[in-house]
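Participant: File structure_8.cif below, mmCIF, C-alpha atoms:
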data_start
loop_
_atom_site.label_atom_id
_atom_site.label_comp_id
_atom_site.auth_asym_id
_atom_site.auth_seq_id
_atom_site.Cartn_x
_atom_site.Cartn_y
_atom_site.Cartn_z
CA MET A 1 0.00 0.00 0.00
CA ARG A 2 1.41 3.37 -0.94
CA ALA A 3 2.00 5.73 1.95
CA ARG A 4 -0.41 8.38 0.76
CA TRP A 5 -3.39 6.05 1.23
CA GLN A 6 -2.68 5.60 4.94
CA TYR A 7 -4.76 8.61 5.86
CA HIS A 8 -8.14 6.91 6.27
CA PHE A 9 -9.42 8.45 3.06
CA LEU A 10 -9.00 12.02 4.37
CA LYS A 11 -8.12 14.24 1.42
CA TRP A 12 -7.50 17.90 0.84
CA LEU A 13 -9.30 19.89 -1.75
CA LEU A 14 -7.01 22.23 -3.60
CA LEU A 15 -7.53 25.30 -5.67
CA ALA A 16 -5.12 25.25 -8.58
CA MET A 17 -4.38 27.83 -11.24
CA ALA A 18 -2.45 27.89 -14.49
CA GLN A 19 0.24 30.50 -14.96
CA LEU A 20 -1.95 32.69 -17.13
CA CYS A 21 -2.56 36.45 -17.23
CA LEU A 22 -5.79 37.36 -15.42
CA THR A 23 -7.96 40.39 -16.16
CA ALA A 24 -10.08 42.15 -13.51
CA GLY A 25 -13.76 42.77 -14.23
CA ARG A 26 -17.24 42.84 -12.79
CA LEU A 27 -18.72 40.34 -10.36
CA PHE A 28 -20.44 37.43 -12.13
CA GLY A 29 -24.22 37.20 -12.08
CA GLN A 30 -25.12 34.65 -9.44
CA GLU A 31 -28.52 33.87 -10.92
CA ALA A 32 -27.25 33.04 -14.39
CA ALA A 33 -27.06 29.37 -15.33
CA PRO A 34 -23.43 28.26 -15.11
CA PRO A 35 -21.78 27.61 -18.49
CA LYS A 36 -19.82 24.52 -19.36
CA CYS A 37 -16.09 25.15 -19.17
CA THR A 38 -15.70 24.10 -22.80
CA ASP A 39 -18.23 26.70 -23.94
CA PRO A 40 -16.33 28.98 -26.37
CA LYS A 41 -18.61 31.95 -25.58
CA LYS A 42 -16.25 33.74 -23.21
CA THR A 43 -15.76 37.49 -22.92
CA PRO A 44 -12.21 38.96 -22.80
CA SER A 45 -12.70 40.11 -19.20
CA GLU A 46 -14.12 36.81 -17.97
CA VAL A 47 -12.09 34.65 -15.59
CA ARG A 48 -13.33 31.08 -15.34
CA ILE A 49 -13.02 28.60 -12.48
CA ALA A 50 -13.64 24.92 -13.23
CA THR A 51 -15.83 23.33 -10.57
CA GLY A 52 -17.84 20.13 -11.07
CA SER A 53 -21.29 18.94 -12.03
CA ALA A 54 -24.34 21.21 -11.90
CA GLY A 55 -25.84 21.16 -8.41
CA GLY A 56 -22.62 19.90 -6.80
CA SER A 57 -20.66 21.29 -3.85
CA TYR A 58 -17.74 22.40 -6.06
CA LEU A 59 -20.06 24.68 -8.04
CA ARG A 60 -21.36 26.20 -4.81
CA MET A 61 -17.77 26.74 -3.67
CA GLY A 62 -16.93 28.43 -6.97
CA LYS A 63 -19.80 30.87 -6.47
CA ILE A 64 -18.69 31.61 -2.91
CA ILE A 65 -15.14 32.34 -4.08
CA GLY A 66 -16.56 34.70 -6.69
CA LYS A 67 -18.37 36.67 -4.00
CA LEU A 68 -15.16 36.99 -2.00
CA VAL A 69 -13.30 38.61 -4.90
CA PRO A 70 -15.79 41.19 -6.25
CA ASP A 71 -13.12 42.93 -8.34
CA LEU A 72 -12.51 39.76 -10.35
CA ASN A 73 -15.01 38.72 -13.00
CA LEU A 74 -14.90 35.10 -11.79
CA VAL A 75 -17.38 32.80 -13.53
CA PRO A 76 -17.83 29.22 -12.23
CA CYS A 77 -18.26 26.70 -15.03
CA THR A 78 -19.31 23.05 -14.90
CA THR A 79 -17.18 19.98 -15.68
CA GLU A 80 -17.05 16.23 -15.13
CA GLY A 81 -14.77 16.60 -12.10
CA SER A 82 -11.15 16.93 -10.93
CA LEU A 83 -9.48 15.06 -13.79
CA ASP A 84 -11.44 17.06 -16.32
CA ASN A 85 -10.54 20.26 -14.44
CA LEU A 86 -6.81 19.58 -14.67
CA LEU A 87 -7.09 18.96 -18.39
CA LEU A 88 -9.13 22.12 -19.01
CA LEU A 89 -6.65 24.11 -16.92
CA SER A 90 -3.74 22.87 -19.02
CA GLN A 91 -5.57 23.58 -22.27
CA GLY A 92 -6.37 27.17 -21.29
CA PHE A 93 -10.15 26.82 -21.15
CA VAL A 94 -10.10 28.05 -17.52
CA GLU A 95 -7.78 30.11 -15.33
CA TYR A 96 -8.60 28.40 -12.01
CA ALA A 97 -9.80 24.91 -11.04
CA ILE A 98 -10.99 23.13 -7.92
CA VAL A 99 -9.07 19.86 -7.72
CA GLN A 100 -8.74 16.96 -5.28
CA SER A 101 -5.18 16.87 -4.03
CA ASP A 102 -4.53 13.16 -4.61
CA LEU A 103 -4.72 13.63 -8.38
CA ALA A 104 -2.58 16.77 -8.31
CA HIS A 105 -0.02 15.06 -6.07
CA ILE A 106 0.47 12.19 -8.53
CA GLY A 107 1.16 14.64 -11.33
CA TRP A 108 3.46 16.91 -9.35
CA SER A 109 5.40 13.89 -8.10
CA GLU A 110 5.76 12.61 -11.69
CA GLU A 111 4.38 9.24 -10.73
CA PRO A 112 3.01 6.90 -13.41
CA ALA A 113 -0.39 7.89 -14.75
CA PRO A 114 -3.31 6.12 -13.06
CA GLU A 115 -4.92 3.53 -15.31
CA TYR A 116 -8.32 5.23 -15.17
CA ALA A 117 -6.77 8.53 -16.34
CA ALA A 118 -4.42 7.23 -19.03
CA ASP A 119 -6.37 8.72 -21.94
CA LYS A 120 -6.17 12.28 -20.53
CA TRP A 121 -3.05 12.27 -18.37
CA GLY A 122 -0.50 12.98 -21.09
CA ALA A 123 -2.33 16.17 -22.08
CA ILE A 124 -2.10 17.67 -18.58
CA ASP A 125 0.87 20.01 -18.09
CA PHE A 126 1.49 19.73 -14.36
CA HIS A 127 4.47 22.11 -14.58
CA ARG A 128 2.01 24.93 -15.34
CA VAL A 129 -0.43 23.99 -12.58
CA LYS A 130 0.24 25.88 -9.36
CA LEU A 131 -1.37 25.63 -5.94
CA VAL A 132 -3.28 28.74 -4.85
CA ARG A 133 -4.54 27.47 -1.49
CA TRP A 134 -6.19 24.64 0.39
CA LEU A 135 -9.97 25.01 0.58
CA TYR A 136 -11.41 22.30 2.85
CA SER A 137 -11.07 18.62 3.70
CA GLU A 138 -13.20 15.81 2.34
CA LYS A 139 -13.80 12.21 3.31
CA LEU A 140 -14.50 9.27 1.08
CA GLN A 141 -17.69 7.49 2.12
CA ILE A 142 -18.84 4.01 1.14
CA LEU A 143 -22.60 3.43 1.29
CA ALA A 144 -23.83 -0.16 1.15
CA GLY A 145 -27.42 -1.12 0.45
CA ALA A 146 -29.56 -3.45 2.54
CA HIS A 147 -28.64 -7.13 2.31
CA SER A 148 -25.50 -6.35 0.29
CA TYR A 149 -23.28 -8.17 2.85
CA VAL A 150 -20.65 -5.45 2.66
CA ASN A 151 -18.84 -4.79 5.95
CA SER A 152 -15.41 -3.74 4.68
CA VAL A 153 -13.63 -2.60 1.54
CA ASN A 154 -12.54 -6.21 0.96
CA ASP A 155 -16.20 -7.19 0.54
CA LEU A 156 -16.58 -5.00 -2.55
CA LYS A 157 -15.10 -7.63 -4.87
CA ASN A 158 -17.65 -8.87 -7.41
CA LYS A 159 -20.24 -6.39 -6.11
CA ARG A 160 -22.12 -3.77 -8.13
CA VAL A 161 -20.15 -0.70 -7.07
CA TRP A 162 -20.62 2.81 -8.46
CA LEU A 163 -17.28 4.60 -8.12
CA GLY A 164 -18.61 8.06 -8.90
CA PRO A 165 -19.01 10.04 -12.12
CA SER A 166 -16.42 9.10 -14.73
CA GLY A 167 -13.62 11.67 -14.70
CA SER A 168 -14.41 12.90 -11.20
CA GLY A 169 -12.06 13.03 -8.23
CA THR A 170 -14.32 10.58 -6.44
CA TYR A 171 -13.86 8.02 -9.22
CA ALA A 172 -10.09 8.47 -9.12
CA THR A 173 -9.81 8.12 -5.35
CA ALA A 174 -12.27 5.21 -5.18
CA SER A 175 -10.21 3.32 -7.77
CA GLU A 176 -7.06 3.77 -5.69
CA VAL A 177 -8.86 2.68 -2.52
CA LEU A 178 -9.85 -0.56 -4.25
CA ARG A 179 -6.26 -1.19 -5.30
CA ALA A 180 -5.04 -0.47 -1.76
CA ALA A 181 -7.41 -3.20 -0.56
CA GLY A 182 -6.02 -5.63 -3.14
CA ILE A 183 -9.01 -5.39 -5.48
CA ASP A 184 -8.51 -4.64 -9.15
CA PRO A 185 -11.25 -2.27 -10.39
CA SER A 186 -12.02 -4.82 -13.10
CA GLU A 187 -13.15 -7.21 -10.34
CA ILE A 188 -16.21 -5.10 -9.56
CA ASN A 189 -19.28 -4.38 -11.66
CA ASP A 190 -19.17 -0.60 -12.09
CA PRO A 191 -22.37 0.75 -13.72
CA ALA A 192 -20.64 4.01 -14.66
CA GLN A 193 -22.15 4.05 -18.15
CA GLU A 194 -25.71 3.70 -16.86
CA ILE A 195 -25.41 6.09 -13.89
CA SER A 196 -24.00 9.56 -14.47
CA SER A 197 -25.11 11.55 -11.41
CA TYR A 198 -25.16 11.24 -7.63
CA ARG A 199 -28.93 11.53 -7.58
CA ALA A 200 -29.31 8.58 -9.95
CA ALA A 201 -26.77 6.59 -7.91
CA ASN A 202 -28.64 7.31 -4.68
CA GLU A 203 -31.91 6.14 -6.22
CA ALA A 204 -30.25 3.00 -7.59
CA LEU A 205 -28.89 2.17 -4.14
CA VAL A 206 -32.25 2.64 -2.43
CA HIS A 207 -34.10 0.54 -5.02
CA GLY A 208 -31.53 -2.24 -5.28
CA GLY A 209 -30.01 -1.29 -8.61
CA VAL A 210 -26.50 -1.27 -7.13
CA ASP A 211 -24.95 -2.77 -3.99
CA VAL A 212 -22.63 0.12 -3.11
CA ILE A 213 -22.00 3.73 -4.06
CA ILE A 214 -18.87 5.70 -3.23
CA ARG A 215 -18.89 9.46 -2.80
CA THR A 216 -16.95 12.30 -1.22
CA THR A 217 -18.39 15.01 1.00
CA PRO A 218 -16.93 18.08 2.74
CA VAL A 219 -15.89 17.88 6.38
CA PRO A 220 -17.60 19.32 8.31
CA ILE A 221 -20.92 19.08 6.47
CA ASP A 222 -24.11 21.00 7.10
CA TYR A 223 -26.58 18.26 7.98
CA HIS A 224 -29.50 20.67 7.79
CA GLN A 225 -28.74 21.73 4.23
CA GLU A 226 -31.47 21.07 1.70
CA PRO A 227 -30.38 18.66 -1.06
CA ASP A 228 -29.64 20.02 -4.51
CA LEU A 229 -31.32 18.71 -7.64
CA ASP A 230 -28.36 16.51 -8.55
CA SER A 231 -27.05 15.43 -5.16
CA LEU A 232 -28.06 14.77 -1.56
CA ALA A 233 -26.42 16.73 1.22
CA THR A 234 -26.31 14.00 3.86
CA LEU A 235 -25.91 10.25 4.03
CA SER A 236 -29.20 9.89 5.89
CA GLY A 237 -30.82 11.82 3.06
CA VAL A 238 -30.23 8.89 0.74
CA PHE A 239 -32.58 6.72 2.79
CA LYS A 240 -35.02 9.39 3.99
CA ASN A 241 -37.86 7.99 1.90
#
Turn this file's structure into structure tokens for me.
Facilitator:
Amino acid sequence: MRARWQYHFLKWLLLAMAQLCLTAGRLFGQEAAPPKCTDPKKTPSEVRIATGSAGGSYLRMGKIIGKLVPDLNLVPCTTEGSLDNLLLLSQGFVEYAIVQSDLAHIGWSEEPAPEYAADKWGAIDFHRVKLVRWLYSEKLQILAGAHSYVNSVNDLKNKRVWLGPSGSGTYATASEVLRAAGIDPSEINDPAQEISSYRAANEALVHGGVDVIIRTTPVPIDYHQEPDLDSLATLSGVFKN
């Protein structure tokens, strides 16, 4: 087991930026629907920050950061997750990105590309990606459905396990957790193609469509927060109905 996985799945969320020239402007309109980061319709004064899926916590964080820097025309845009954010940052689609630190650490340390990221890894220029600051900590959580007979990570072998949205930091970290437990990701049944959102994964778990879902959440978390359209704020929220 590599040393960096001996932290009980506690990870840091990082804000990274490419070494690009930034232009000050007006505060972004909070009510406007967030654009996709690959959307070419970008004004010269616009500064984009790659977040995550619509309705996710990274998008909320991007909006909060925008409010804290009113002199910067910071516009949060949506992506598939941390791996996608690093690629978009390297390609110049965005100036800032919210990234899980485990992915960034692999790149900065010049370690071999993770198998799940092989198709995108070579296009990421980690020498141009710089740390701005740590934002908050997250924990990886494993939710098992009723009668799934899952009591440990070792029990995930041959189970129907959703590792998170493809290209997300959750998917990357979950894959490494499986390997740390001696399970090759190919030894699980990952319905990634059929399930593309946390909401759909939660519903599949409740109704028996999958045995386990893996997700990350901020620490601490507001347990009184109302769930978004595409995610649930608390673990108990998954089973509230």
Participant: Selected by the PyMOL selection byres ((chain A and resi 81) around 12) in the shown coordinates: which residues, as a ChimeraX atom specification?
Facilitator: /A:36-37,50-54,56-59,77-80,82-88,97-100,103,164-173,196-197,216
Participant: Determine the nearest neighbour of Ser90 (chain A) from the options A:Asp125, A:Glu115, A:Glu176, A:Asp155, counting all atoms listed in the file.
Facilitator: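 Looking only at the distances to Ser90 (chain A), the closest residue turns out to be A:Asp125.
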Participant: Calculated over all atoms listed in the file, which of the candidates A:Thr217, A:Asn158, A:Ser152, A:Ser175 has the smallest distance to Lys139 (chain A)?
Facilitator: A:Thr217
Participant: With distances taken over only C-alpha atoms, which residue among A:Val210, A:Trp162, A:Ser109, A:Leu68 lies nearest Ala146 (chain A)?
Facilitator: A:Val210
Participant: With only C-alpha atoms as the atoms that count, which of A:Tyr136, A:Arg128, A:Ile183, A:Ser45 lies nearest to Asn154 (chain A)?
Facilitator: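 Distance minimum relative to Asn154 (chain A) lands on A:Ile183.
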Participant: Which distance in Å separates CA of Ile106 (chain A) and CA of Leu131 (chain A), to one decimal?
Facilitator: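 Between CA of Ile106 (chain A) and CA of Leu131 (chain A) the gap is 13.8 Å.
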Participant: Mind pulling up the distance from CA of Leu74 (chain A) to CA of Lys41 (chain A)?
Facilitator: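 Taking CA of Lys41 (chain A) and CA of Leu74 (chain A), their separation equals 14.6 Å.
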Participant: Can you work out which one of A:Val153, A:Ala118, A:Leu135, A:Val161 has the shortest atom-to-atom distance to Ile64 (chain A), counting all atoms listed in the file?
Facilitator: A:Leu135
Participant: Which of these, A:Gly122, A:Pro218, A:Gly145, A:Gly107, has the shortest distance to Gln91 (chain A) once you count only C-alpha atoms?
Facilitator: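 Checking each of A:Gly122, A:Pro218, A:Gly145, A:Gly107 against Gln91 (chain A), counting only C-alpha atoms, the winner is A:Gly122.
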Participant: At what distance in Å, to one decimal, does CA of Glu194 (chain A) lie from CA of Asp119 (chain A)?
Facilitator: 20.6 Å
Participant: For the provided coordinates, the residues matched by the PyMOL selection byres ((chain A and resi 157) around 12) should be stated as a ChimeraX atom specification.
Facilitator: /A:148-156,158-161,178-179,181-190,211-212
Participant: Output C-alpha atoms for every residue in the selection just made, as an mmCIF file, in the frame of the given file.
Facilitator:
data_model
loop_
_atom_site.group_PDB
_atom_site.id
_atom_site.type_symbol
_atom_site.label_atom_id
_atom_site.label_comp_id
_atom_site.auth_asym_id
_atom_site.auth_seq_id
_atom_site.Cartn_x
_atom_site.Cartn_y
_atom_site.Cartn_z
ATOM 1 C CA SER A 148 -25.500 -6.350 0.290
ATOM 2 C CA TYR A 149 -23.280 -8.170 2.850
ATOM 3 C CA VAL A 150 -20.650 -5.450 2.660
ATOM 4 C CA ASN A 151 -18.840 -4.790 5.950
ATOM 5 C CA SER A 152 -15.410 -3.740 4.680
ATOM 6 C CA VAL A 153 -13.630 -2.600 1.540
ATOM 7 C CA ASN A 154 -12.540 -6.210 0.960
ATOM 8 C CA ASP A 155 -16.200 -7.190 0.540
ATOM 9 C CA LEU A 156 -16.580 -5.000 -2.550
ATOM 10 C CA ASN A 158 -17.650 -8.870 -7.410
ATOM 11 C CA LYS A 159 -20.240 -6.390 -6.110
ATOM 12 C CA ARG A 160 -22.120 -3.770 -8.130
ATOM 13 C CA VAL A 161 -20.150 -0.700 -7.070
ATOM 14 C CA LEU A 178 -9.850 -0.560 -4.250
ATOM 15 C CA ARG A 179 -6.260 -1.190 -5.300
ATOM 16 C CA ALA A 181 -7.410 -3.200 -0.560
ATOM 17 C CA GLY A 182 -6.020 -5.630 -3.140
ATOM 18 C CA ILE A 183 -9.010 -5.390 -5.480
ATOM 19 C CA ASP A 184 -8.510 -4.640 -9.150
ATOM 20 C CA PRO A 185 -11.250 -2.270 -10.390
ATOM 21 C CA SER A 186 -12.020 -4.820 -13.100
ATOM 22 C CA GLU A 187 -13.150 -7.210 -10.340
ATOM 23 C CA ILE A 188 -16.210 -5.100 -9.560
ATOM 24 C CA ASN A 189 -19.280 -4.380 -11.660
ATOM 25 C CA ASP A 190 -19.170 -0.600 -12.090
ATOM 26 C CA ASP A 211 -24.950 -2.770 -3.990
ATOM 27 C CA VAL A 212 -22.630 0.120 -3.110
#
Participant: Report as a list in words the residues that result from applying the PyMOL selection byres ((chain A and resi 143) around 9) to the structure here.
Facilitator: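 After applying the PyMOL selection byres ((chain A and resi 143) around 9), what remains is Gln141, Ile142, Ala144, Gly145, Leu205, Asp211, Val212, Ile213, Ile214, Arg215 and Leu235 of chain A.
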